[in-house]
>>> print(open('target.cif').read())   # mmCIF, C-alpha atoms
data_query
#
loop_
_atom_site.label_atom_id
_atom_site.label_comp_id
_atom_site.auth_asym_id
_atom_site.auth_seq_id
_atom_site.Cartn_x
_atom_site.Cartn_y
_atom_site.Cartn_z
CA MET A 208 31.92 2.78 -75.81
CA ARG A 209 32.97 4.13 -79.21
CA GLN A 210 36.57 4.07 -78.00
CA ASN A 211 36.07 0.44 -76.93
CA LEU A 212 34.79 -0.38 -80.41
CA ASP A 213 37.75 1.32 -82.05
CA ARG A 214 40.21 -0.51 -79.80
CA ALA A 215 38.61 -3.87 -80.57
CA ALA A 216 38.51 -3.15 -84.31
CA ALA A 217 42.22 -2.31 -84.27
CA HIS A 218 43.00 -5.48 -82.33
CA PHE A 219 41.21 -7.68 -84.89
CA GLY A 220 42.38 -5.69 -87.92
CA LEU A 221 38.85 -4.62 -88.80
CA THR A 222 37.45 -1.48 -90.40
CA VAL A 223 34.12 -0.26 -89.04
CA THR A 224 31.79 0.20 -92.02
CA GLY A 225 28.51 1.30 -90.46
CA GLU A 226 27.05 3.44 -87.71
CA PRO A 227 27.35 1.66 -84.34
CA GLY A 228 24.30 0.61 -82.40
CA PHE A 229 23.99 0.46 -78.64
CA GLY A 230 22.53 -2.35 -76.54
CA TRP A 231 20.50 -2.32 -73.34
CA ARG A 232 21.35 0.80 -71.32
CA ASP A 233 24.41 1.34 -73.51
CA ARG A 234 26.03 -1.73 -71.95
CA SER A 235 27.22 -2.87 -75.38
CA ILE A 236 28.11 -1.39 -78.75
CA SER A 237 28.04 -3.20 -82.10
CA ALA A 238 28.75 -2.37 -85.71
CA PRO A 239 29.29 -4.00 -89.11
CA THR A 240 32.95 -4.19 -90.08
CA HIS A 241 35.16 -5.38 -92.90
CA SER A 242 38.06 -7.80 -92.54
CA PRO A 243 40.57 -9.15 -95.09
CA ASP A 244 38.35 -12.24 -95.18
CA GLY A 245 35.09 -10.37 -95.74
CA PRO A 246 32.33 -8.71 -93.70
CA ARG A 247 32.13 -9.28 -89.97
CA TRP A 248 30.07 -8.09 -86.99
CA LEU A 249 31.88 -6.63 -83.99
CA ARG A 250 30.34 -6.35 -80.54
CA VAL A 251 31.90 -5.00 -77.34
CA VAL A 252 30.22 -5.37 -73.96
CA SER A 253 31.33 -3.43 -70.86
CA GLU A 254 30.67 -4.71 -67.35
CA GLN A 255 31.70 -4.09 -63.77
CA THR A 256 34.40 -6.58 -62.84
CA GLN A 257 32.27 -8.43 -60.28
CA TRP A 258 29.78 -9.34 -63.03
CA ALA A 259 32.28 -10.04 -65.82
CA HIS A 260 32.27 -13.82 -65.51
CA GLY A 261 29.98 -16.84 -65.72
CA HIS A 262 27.47 -18.03 -68.30
CA GLY A 263 26.11 -14.58 -69.12
CA TRP A 264 29.59 -13.29 -69.91
CA THR A 265 30.48 -16.15 -72.29
CA GLY A 266 27.03 -16.92 -73.71
CA ASN A 267 27.67 -15.87 -77.31
CA THR A 268 30.89 -17.87 -77.48
CA ASP A 269 29.38 -20.88 -75.71
CA ALA A 270 26.62 -20.83 -78.33
CA ASN A 271 29.20 -21.85 -80.95
CA ALA A 272 28.48 -25.37 -79.72
CA LEU A 273 24.90 -25.10 -81.00
CA GLU A 274 24.58 -26.58 -84.47
CA GLY A 275 21.79 -26.36 -87.01
CA LEU A 276 20.49 -22.98 -85.88
CA PRO A 277 20.29 -19.65 -87.78
CA LYS A 278 22.70 -17.68 -85.63
CA PRO A 279 26.06 -15.90 -85.78
CA HIS A 280 29.30 -17.74 -85.01
CA VAL A 281 31.91 -16.09 -82.79
CA LEU A 282 35.26 -16.06 -84.59
CA GLY A 283 37.41 -14.43 -81.92
CA ILE A 284 37.33 -12.72 -78.52
CA TYR A 285 39.45 -10.04 -76.89
CA GLU A 286 39.16 -8.86 -73.28
CA TRP A 287 40.82 -6.04 -71.37
CA ASP A 288 40.43 -4.17 -68.09
CA GLU A 289 39.69 -0.52 -67.52
CA ALA A 290 41.60 0.18 -64.29
CA ASP A 291 40.30 -2.18 -61.60
CA TRP A 292 36.57 -1.51 -61.88
CA ARG A 293 35.43 -2.45 -65.38
CA ARG A 294 36.12 -5.16 -67.95
CA GLN A 295 35.44 -5.09 -71.68
CA ARG A 296 34.82 -8.11 -73.89
CA ALA A 297 34.94 -7.85 -77.67
CA GLU A 298 33.52 -10.55 -79.91
CA VAL A 299 34.00 -10.63 -83.67
CA MET A 300 31.48 -12.85 -85.40
CA THR A 301 29.98 -13.72 -88.73
CA LEU A 302 27.79 -10.99 -90.23
CA MET A 303 24.37 -12.48 -90.85
CA PRO A 304 22.13 -11.33 -93.71
CA GLY A 305 18.73 -9.90 -92.99
CA THR A 306 16.95 -6.95 -91.42
CA PRO A 307 16.01 -6.59 -87.73
CA CYS A 308 12.32 -7.18 -87.17
CA SER A 309 12.24 -4.15 -84.84
CA PRO A 310 14.58 -1.39 -83.70
CA THR A 311 13.43 -2.08 -80.13
CA ASP A 312 12.52 -5.17 -78.12
CA THR A 313 8.78 -4.63 -78.57
CA ALA A 314 6.78 -5.18 -81.75
CA PRO A 315 6.42 -2.18 -84.06
CA PRO A 316 3.10 -1.41 -85.76
CA GLY A 317 2.58 -3.31 -88.98
CA LEU A 318 5.16 -6.05 -88.35
CA ASP A 319 3.91 -9.15 -90.17
CA PRO A 320 6.59 -11.77 -90.94
CA PRO A 321 5.75 -14.27 -93.72
CA SER A 322 4.57 -17.80 -92.97
CA THR A 323 7.95 -19.26 -93.94
CA TRP A 324 9.63 -17.10 -91.29
CA TRP A 325 7.30 -18.43 -88.60
CA THR A 326 7.95 -22.00 -89.72
CA ASP A 327 11.70 -21.43 -89.55
CA LEU A 328 11.41 -19.91 -86.07
CA ARG A 329 9.28 -22.75 -84.76
CA GLN A 330 11.68 -25.36 -86.11
CA ALA A 331 14.70 -23.51 -84.69
CA LEU A 332 13.18 -23.30 -81.21
CA GLN A 333 12.18 -26.96 -81.30
CA HIS A 334 15.72 -27.90 -82.26
CA LEU A 335 17.14 -25.70 -79.50
CA ALA A 336 14.74 -27.09 -76.90
CA ALA A 337 16.00 -30.63 -77.55
CA THR A 338 19.66 -29.63 -77.19
CA THR A 339 21.54 -30.83 -74.11
CA THR A 340 23.51 -28.26 -72.09
CA ASP A 341 24.72 -27.65 -68.56
CA ARG A 342 24.09 -23.90 -68.92
CA ILE A 343 21.24 -22.47 -66.83
CA SER A 344 19.14 -19.62 -68.19
CA THR A 345 16.93 -19.49 -65.10
CA ASP A 346 16.03 -21.79 -62.23
CA GLN A 347 13.14 -22.29 -59.82
CA ASP A 348 14.58 -19.91 -57.20
CA LYS A 349 14.84 -17.06 -59.73
CA ILE A 350 11.33 -17.76 -60.96
CA ASP A 351 9.95 -17.76 -57.40
CA HIS A 352 11.64 -14.44 -56.62
CA ARG A 353 10.49 -12.68 -59.78
CA VAL A 354 6.90 -14.02 -59.72
CA ARG A 355 6.34 -13.21 -56.05
CA ALA A 356 7.78 -9.73 -56.49
CA ALA A 357 5.35 -9.10 -59.35
CA PHE A 358 2.19 -10.87 -58.20
CA GLY A 359 2.41 -11.37 -54.44
CA GLU A 360 3.92 -13.79 -51.96
CA ASP A 361 0.98 -16.19 -52.23
CA VAL A 362 1.59 -16.87 -55.96
CA GLU A 363 3.64 -19.98 -56.62
CA ILE A 364 4.56 -21.16 -60.11
CA ARG A 365 6.16 -24.60 -59.96
CA ILE A 366 7.91 -25.59 -63.20
CA ASP A 367 7.32 -29.21 -64.21
CA ARG A 368 9.20 -29.31 -67.50
CA TRP A 369 12.52 -27.74 -68.51
CA GLU A 370 14.19 -27.33 -71.89
CA THR A 371 17.02 -25.40 -73.52
CA VAL A 372 15.93 -21.85 -74.33
CA HIS A 373 17.34 -18.68 -75.85
CA GLY A 374 16.20 -16.75 -72.79
CA ASP A 375 15.72 -13.29 -74.32
CA LEU A 376 13.66 -13.76 -77.47
CA HIS A 377 12.41 -10.31 -78.40
CA TRP A 378 11.89 -8.62 -81.74
CA ALA A 379 15.22 -6.76 -81.89
CA ASN A 380 16.99 -10.12 -81.55
CA LEU A 381 15.27 -11.51 -84.65
CA LEU A 382 16.13 -10.86 -88.28
CA SER A 383 14.22 -11.52 -91.47
CA PRO A 384 15.18 -13.84 -93.14
CA LEU A 385 15.41 -15.62 -89.82
CA THR A 386 18.50 -15.18 -87.71
CA ILE A 387 18.42 -15.29 -83.91
CA LEU A 388 20.86 -12.88 -82.24
CA ASP A 389 22.26 -12.30 -78.73
CA TRP A 390 22.88 -15.63 -77.04
CA GLU A 391 24.13 -14.27 -73.70
CA LEU A 392 21.33 -15.82 -71.62
CA TRP A 393 20.72 -19.19 -73.28
CA GLY A 394 20.49 -22.37 -71.22
CA ARG A 395 17.93 -24.49 -69.39
CA GLY A 396 14.66 -22.77 -68.61
CA PRO A 397 10.93 -23.46 -68.30
CA ALA A 398 9.34 -25.17 -71.29
CA GLY A 399 7.75 -22.55 -73.52
CA THR A 400 9.96 -19.69 -72.30
CA ASP A 401 10.89 -18.39 -75.75
CA PRO A 402 7.39 -18.31 -77.28
CA ALA A 403 6.07 -16.87 -74.01
CA THR A 404 8.69 -14.11 -74.01
CA LEU A 405 8.04 -13.23 -77.64
CA TYR A 406 4.29 -13.22 -76.99
CA CYS A 407 4.66 -10.84 -74.03
CA TYR A 408 6.82 -8.50 -76.09
CA SER A 409 4.06 -8.52 -78.75
CA LEU A 410 1.15 -7.46 -76.55
CA THR A 411 1.20 -3.89 -77.87
CA ASN A 412 0.46 -5.32 -81.33
CA PRO A 413 -2.57 -7.61 -80.79
CA ALA A 414 -2.63 -8.95 -84.34
CA LEU A 415 1.02 -10.00 -84.09
CA ALA A 416 0.50 -11.45 -80.61
CA GLN A 417 -2.28 -13.59 -82.06
CA ARG A 418 0.09 -14.87 -84.74
CA VAL A 419 2.60 -15.86 -82.06
CA ARG A 420 -0.14 -17.79 -80.28
CA GLU A 421 -1.25 -19.50 -83.49
CA HIS A 422 2.27 -20.68 -84.32
CA PHE A 423 3.16 -21.83 -80.80
CA PRO A 424 0.37 -24.00 -79.34
CA VAL A 425 2.45 -24.52 -76.17
CA LEU A 426 1.16 -21.11 -75.07
CA ASP A 427 -2.29 -22.64 -74.48
CA THR A 428 -0.98 -25.44 -72.24
CA PRO A 429 -0.21 -25.43 -68.50
CA ASP A 430 3.52 -25.26 -69.32
CA GLY A 431 2.89 -22.28 -71.55
CA HIS A 432 0.78 -20.51 -68.93
CA ARG A 433 3.57 -20.88 -66.35
CA ALA A 434 6.16 -19.64 -68.84
CA GLN A 435 4.01 -16.61 -69.70
CA LEU A 436 3.59 -15.71 -66.03
CA TYR A 437 7.35 -15.84 -65.52
CA ALA A 438 7.97 -13.84 -68.71
CA ALA A 439 5.36 -11.26 -67.70
CA ALA A 440 6.90 -10.96 -64.21
CA ARG A 441 10.36 -10.48 -65.70
CA LEU A 442 9.21 -7.82 -68.18
CA LEU A 443 7.13 -6.01 -65.56
CA HIS A 444 10.29 -5.69 -63.49
CA ARG A 445 12.05 -4.24 -66.52
CA ALA A 446 9.16 -1.84 -67.12
CA GLN A 447 9.39 -0.63 -63.51
CA LEU A 448 13.05 0.18 -64.17
CA GLY A 449 12.00 2.33 -67.13
CA ASP A 450 12.27 -0.13 -70.01
CA HIS A 451 9.28 -0.06 -72.40
CA PRO A 452 6.79 1.50 -69.94
CA HIS A 453 4.05 1.25 -72.58
CA LEU A 454 4.28 -2.53 -72.23
CA GLY A 455 3.32 -2.41 -68.54
CA PRO A 456 -0.50 -2.08 -68.79
CA PRO A 457 -1.08 -4.89 -71.32
CA LEU A 458 1.37 -7.11 -69.39
CA LYS A 459 -0.55 -6.57 -66.16
CA ASP A 460 -3.88 -7.29 -67.86
CA HIS A 461 -2.53 -10.45 -69.47
CA ALA A 462 -0.97 -11.67 -66.24
CA GLN A 463 -4.21 -11.14 -64.32
CA ARG A 464 -6.12 -13.20 -66.87
CA LEU A 465 -3.57 -15.99 -66.49
CA LEU A 466 -3.67 -15.82 -62.72
CA ARG A 467 -7.46 -16.10 -62.63
CA GLY A 468 -7.16 -19.43 -64.41
CA TYR A 469 -4.08 -20.59 -62.53
CA VAL A 470 -4.53 -19.80 -58.86
#
>>> encode(input="target.cif", output="structure tokens")
Amino acid sequence: MRQNLDRAAAHFGLTVTGEPGFGWRDRSISAPTHSPDGPRWLRVVSEQTQWAHGHGWTGNTDANALEGLPKPHVLGIYEWDEADWRRQRAEVMTLMPGTPCSPTDTAPPGLDPPSTWWTDLRQALQHLAATTTDRISTDQDKIDHRVRAAFGEDVEIRIDRWETVHGDLHWANLLSPLTILDWELWGRGPAGTDPATLYCYSLTNPALAQRVREHFPVLDTPDGHRAQLYAAARLLHRAQLGDHPHLGPPLKDHAQRLLRGYV
């Protein structure tokens, strides 16, 4: 992955200026860089060729069409193959100011963003929700599969309202001052998906989870309950694969409380 980063930097005429960071399961590598036109962010994702296509592959670039949101803008892309089994995609983008809210997806102890940050996040997600797109973040079939796998074949969560969502709103994808990173999965999804996802990722920090609930009243509506059940099912699957195992117990407890009021 470091060789991929170096190759992409050379292609774009960039100089890597900071220690690279690695994404989920080392699937991607990113680092701050310098260009003749100023600072930039460089990200390279590596994928098996059969998965290197579609909305997930082009999400960050497709998100250039989104206006009025605190997010990076992709300035250029570069793709190449590694033999016939893997494809790399490099994206150079604007370097956004701010500090990650967490080094991991889950909420660290003591995280307490200011009120202005919450207001900015709420307004950004409202703006995003009202945006028209033909991209799909998730659909009813995916929801049915994930929910039944997590909670049993007799559990059915029918989505009544859909909106445009980020699709992976966790704490490592948020900066302060507010920037929202990683737009690979954005598209249409259940109403309340983003607050529900952030809430589920916050369950190990009850005070922060309560702040999420206070700032996003949709969580206490039927739409919000359905979105939380889907988010919990999705994250429980990730926990079973070894991601954030400490999140598993509070997720299960929360999901059971929701199910008692839903079924």
>>> residues_around(input="target.cif", residues="range 303-306 of chain A", least_positions_apart="5", cutoff="7 Å", atoms="all atoms listed in the file", output="ChimeraX atom specification")
/A:279,382-384
>>> closest_residue(input="target.cif", among="A:Thr338, A:Gln417, A:Thr301, A:Thr371", to="Leu282 in chain A", atoms="only C-alpha atoms")
A:Thr301
>>> closest_residue(input="target.cif", among="A:Val354, A:Val223, A:Leu405, A:Leu376", to="His444 in chain A", atoms="all atoms listed in the file")
A:Val354
>>> closest_residue(input="target.cif", among="A:Asn271, A:Gln330, A:Thr340, A:Ser235", to="Gln295 in chain A", atoms="all atoms listed in the file")
A:Ser235
>>> residues_around(input="target.cif", residues="Phe219 in chain A", least_positions_apart="4", cutoff="10 Å", atoms="all atoms listed in the file", output="ChimeraX atom specification")
/A:214-215,242,249,283-285,297-299
>>> residues_around(input="target.cif", residues="range 379-381 of chain A", least_positions_apart="4", cutoff="6 Å", atoms="all atoms listed in the file", output="PyMOL selection string")
chain A and resi 307-312+386-388
>>> resolve_selection(input="target.cif", expression="the PyMOL selection byres ((chain A and resi 429-442) around 7)", output="ChimeraX atom specification")
/A:350,353-354,357,364,397-400,403-404,407,425-428,443-446,458,462,465
>>> atom_distance(input="target.cif", atom1="CA of Pro452 in chain A", atom2="CA of Thr345 in chain A")
23.8 Å
>>> atom_distance(input="target.cif", atom1="CA of Ser253 in chain A", atom2="CA of Arg234 in chain A")
5.7 Å
>>> atom_distance(input="target.cif", atom1="CA of Ala216 in chain A", atom2="CA of Trp390 in chain A")
21.3 Å
>>> closest_residue(input="target.cif", among="A:Trp231, A:Ile366, A:Trp393, A:Glu286", to="His451 in chain A", atoms="all atoms listed in the file")
A:Trp231
>>> resolve_selection(input="target.cif", expression="the PyMOL selection byres ((chain A and resi 254) around 7)", output="PyMOL selection string")
chain A and resi 252-253+255-256+258-259+293-295
>>> resolve_selection(input="target.cif", expression="the PyMOL selection byres ((chain A and resi 334) around 12)", output="VMD selection string")
chain A and resid 273 to 277 327 to 333 335 to 339 370 to 373
>>> write_last_selection(input="target.cif", atoms="C-alpha atoms", output="compact mmCIF listing (two decimals), in the frame of the given file")
# COMPACT_ATOMS: atom_id res chain seq x y z
CA LEU A 273 24.90 -25.10 -81.00
CA GLU A 274 24.58 -26.58 -84.47
CA GLY A 275 21.79 -26.36 -87.01
CA LEU A 276 20.49 -22.98 -85.88
CA PRO A 277 20.29 -19.65 -87.78
CA ASP A 327 11.70 -21.43 -89.55
CA LEU A 328 11.41 -19.91 -86.07
CA ARG A 329 9.28 -22.75 -84.76
CA GLN A 330 11.68 -25.36 -86.11
CA ALA A 331 14.70 -23.51 -84.69
CA LEU A 332 13.18 -23.30 -81.21
CA GLN A 333 12.18 -26.96 -81.30
CA LEU A 335 17.14 -25.70 -79.50
CA ALA A 336 14.74 -27.09 -76.90
CA ALA A 337 16.00 -30.63 -77.55
CA THR A 338 19.66 -29.63 -77.19
CA THR A 339 21.54 -30.83 -74.11
CA GLU A 370 14.19 -27.33 -71.89
CA THR A 371 17.02 -25.40 -73.52
CA VAL A 372 15.93 -21.85 -74.33
CA HIS A 373 17.34 -18.68 -75.85
>>> closest_residue(input="target.cif", among="A:Leu466, A:Leu448, A:Leu415, A:Leu212", to="Pro316 in chain A", atoms="only C-alpha atoms")
A:Leu415
>>> closest_residue(input="target.cif", among="A:Ala217, A:Leu385, A:Ala414, A:Arg420", to="Pro402 in chain A", atoms="all atoms listed in the file")
A:Arg420
>>> axis_aligned_box(input="target.cif", around="range 228-241 of chain A", padding_each_side="8 Å", output="lines of an AutoDock Vina configuration file")
center_x = 27.8
center_y = -2.0
center_z = -82.1
size_x = 30.7
size_y = 22.7
size_z = 37.6
>>> decode(input="target.cif", residues="range 253-266 of chain A", atoms="N, CA, C and O atoms", output="compact mmCIF listing (two decimals), in the first residue's frame")
# COMPACT_ATOMS: atom_id res chain seq x y z
N SER A 253 -7.38 -0.14 -2.79
CA SER A 253 -7.01 -1.34 -3.53
C SER A 253 -8.14 -2.34 -3.41
O SER A 253 -8.66 -2.58 -2.32
N GLU A 254 -8.54 -2.93 -4.55
CA GLU A 254 -9.69 -3.83 -4.54
C GLU A 254 -9.49 -4.95 -5.56
O GLU A 254 -8.81 -4.77 -6.58
N GLN A 255 -10.05 -6.11 -5.27
CA GLN A 255 -10.08 -7.17 -6.25
C GLN A 255 -10.87 -6.70 -7.47
O GLN A 255 -11.85 -5.97 -7.35
N THR A 256 -10.45 -7.14 -8.65
CA THR A 256 -11.00 -6.58 -9.88
C THR A 256 -12.51 -6.77 -9.98
O THR A 256 -13.20 -5.90 -10.54
N GLN A 257 -13.06 -7.85 -9.44
CA GLN A 257 -14.50 -8.07 -9.58
C GLN A 257 -15.32 -7.07 -8.76
O GLN A 257 -16.52 -6.93 -8.99
N TRP A 258 -14.67 -6.39 -7.80
CA TRP A 258 -15.39 -5.40 -6.99
C TRP A 258 -15.01 -3.97 -7.35
O TRP A 258 -15.59 -3.03 -6.80
N ALA A 259 -14.09 -3.79 -8.27
CA ALA A 259 -13.58 -2.45 -8.59
C ALA A 259 -14.44 -1.77 -9.66
O ALA A 259 -13.99 -1.46 -10.76
N HIS A 260 -15.70 -1.55 -9.31
CA HIS A 260 -16.62 -0.89 -10.23
C HIS A 260 -17.87 -0.49 -9.44
O HIS A 260 -18.03 -0.86 -8.26
N GLY A 261 -18.74 0.25 -10.06
CA GLY A 261 -20.01 0.60 -9.44
C GLY A 261 -19.94 1.79 -8.52
O GLY A 261 -18.92 2.48 -8.41
N HIS A 262 -21.06 2.04 -7.83
CA HIS A 262 -21.20 3.24 -7.00
C HIS A 262 -20.17 3.31 -5.89
O HIS A 262 -19.66 4.37 -5.54
N GLY A 263 -19.87 2.16 -5.26
CA GLY A 263 -18.91 2.19 -4.16
C GLY A 263 -17.51 2.57 -4.62
O GLY A 263 -16.75 3.17 -3.87
N TRP A 264 -17.18 2.22 -5.86
CA TRP A 264 -15.85 2.50 -6.39
C TRP A 264 -15.69 3.98 -6.73
O TRP A 264 -14.61 4.54 -6.60
N THR A 265 -16.77 4.63 -7.15
CA THR A 265 -16.69 6.02 -7.62
C THR A 265 -17.35 7.01 -6.67
O THR A 265 -17.54 8.17 -7.01
N GLY A 266 -17.68 6.55 -5.44
CA GLY A 266 -18.47 7.39 -4.54
C GLY A 266 -17.86 8.74 -4.23
O GLY A 266 -18.56 9.77 -4.25
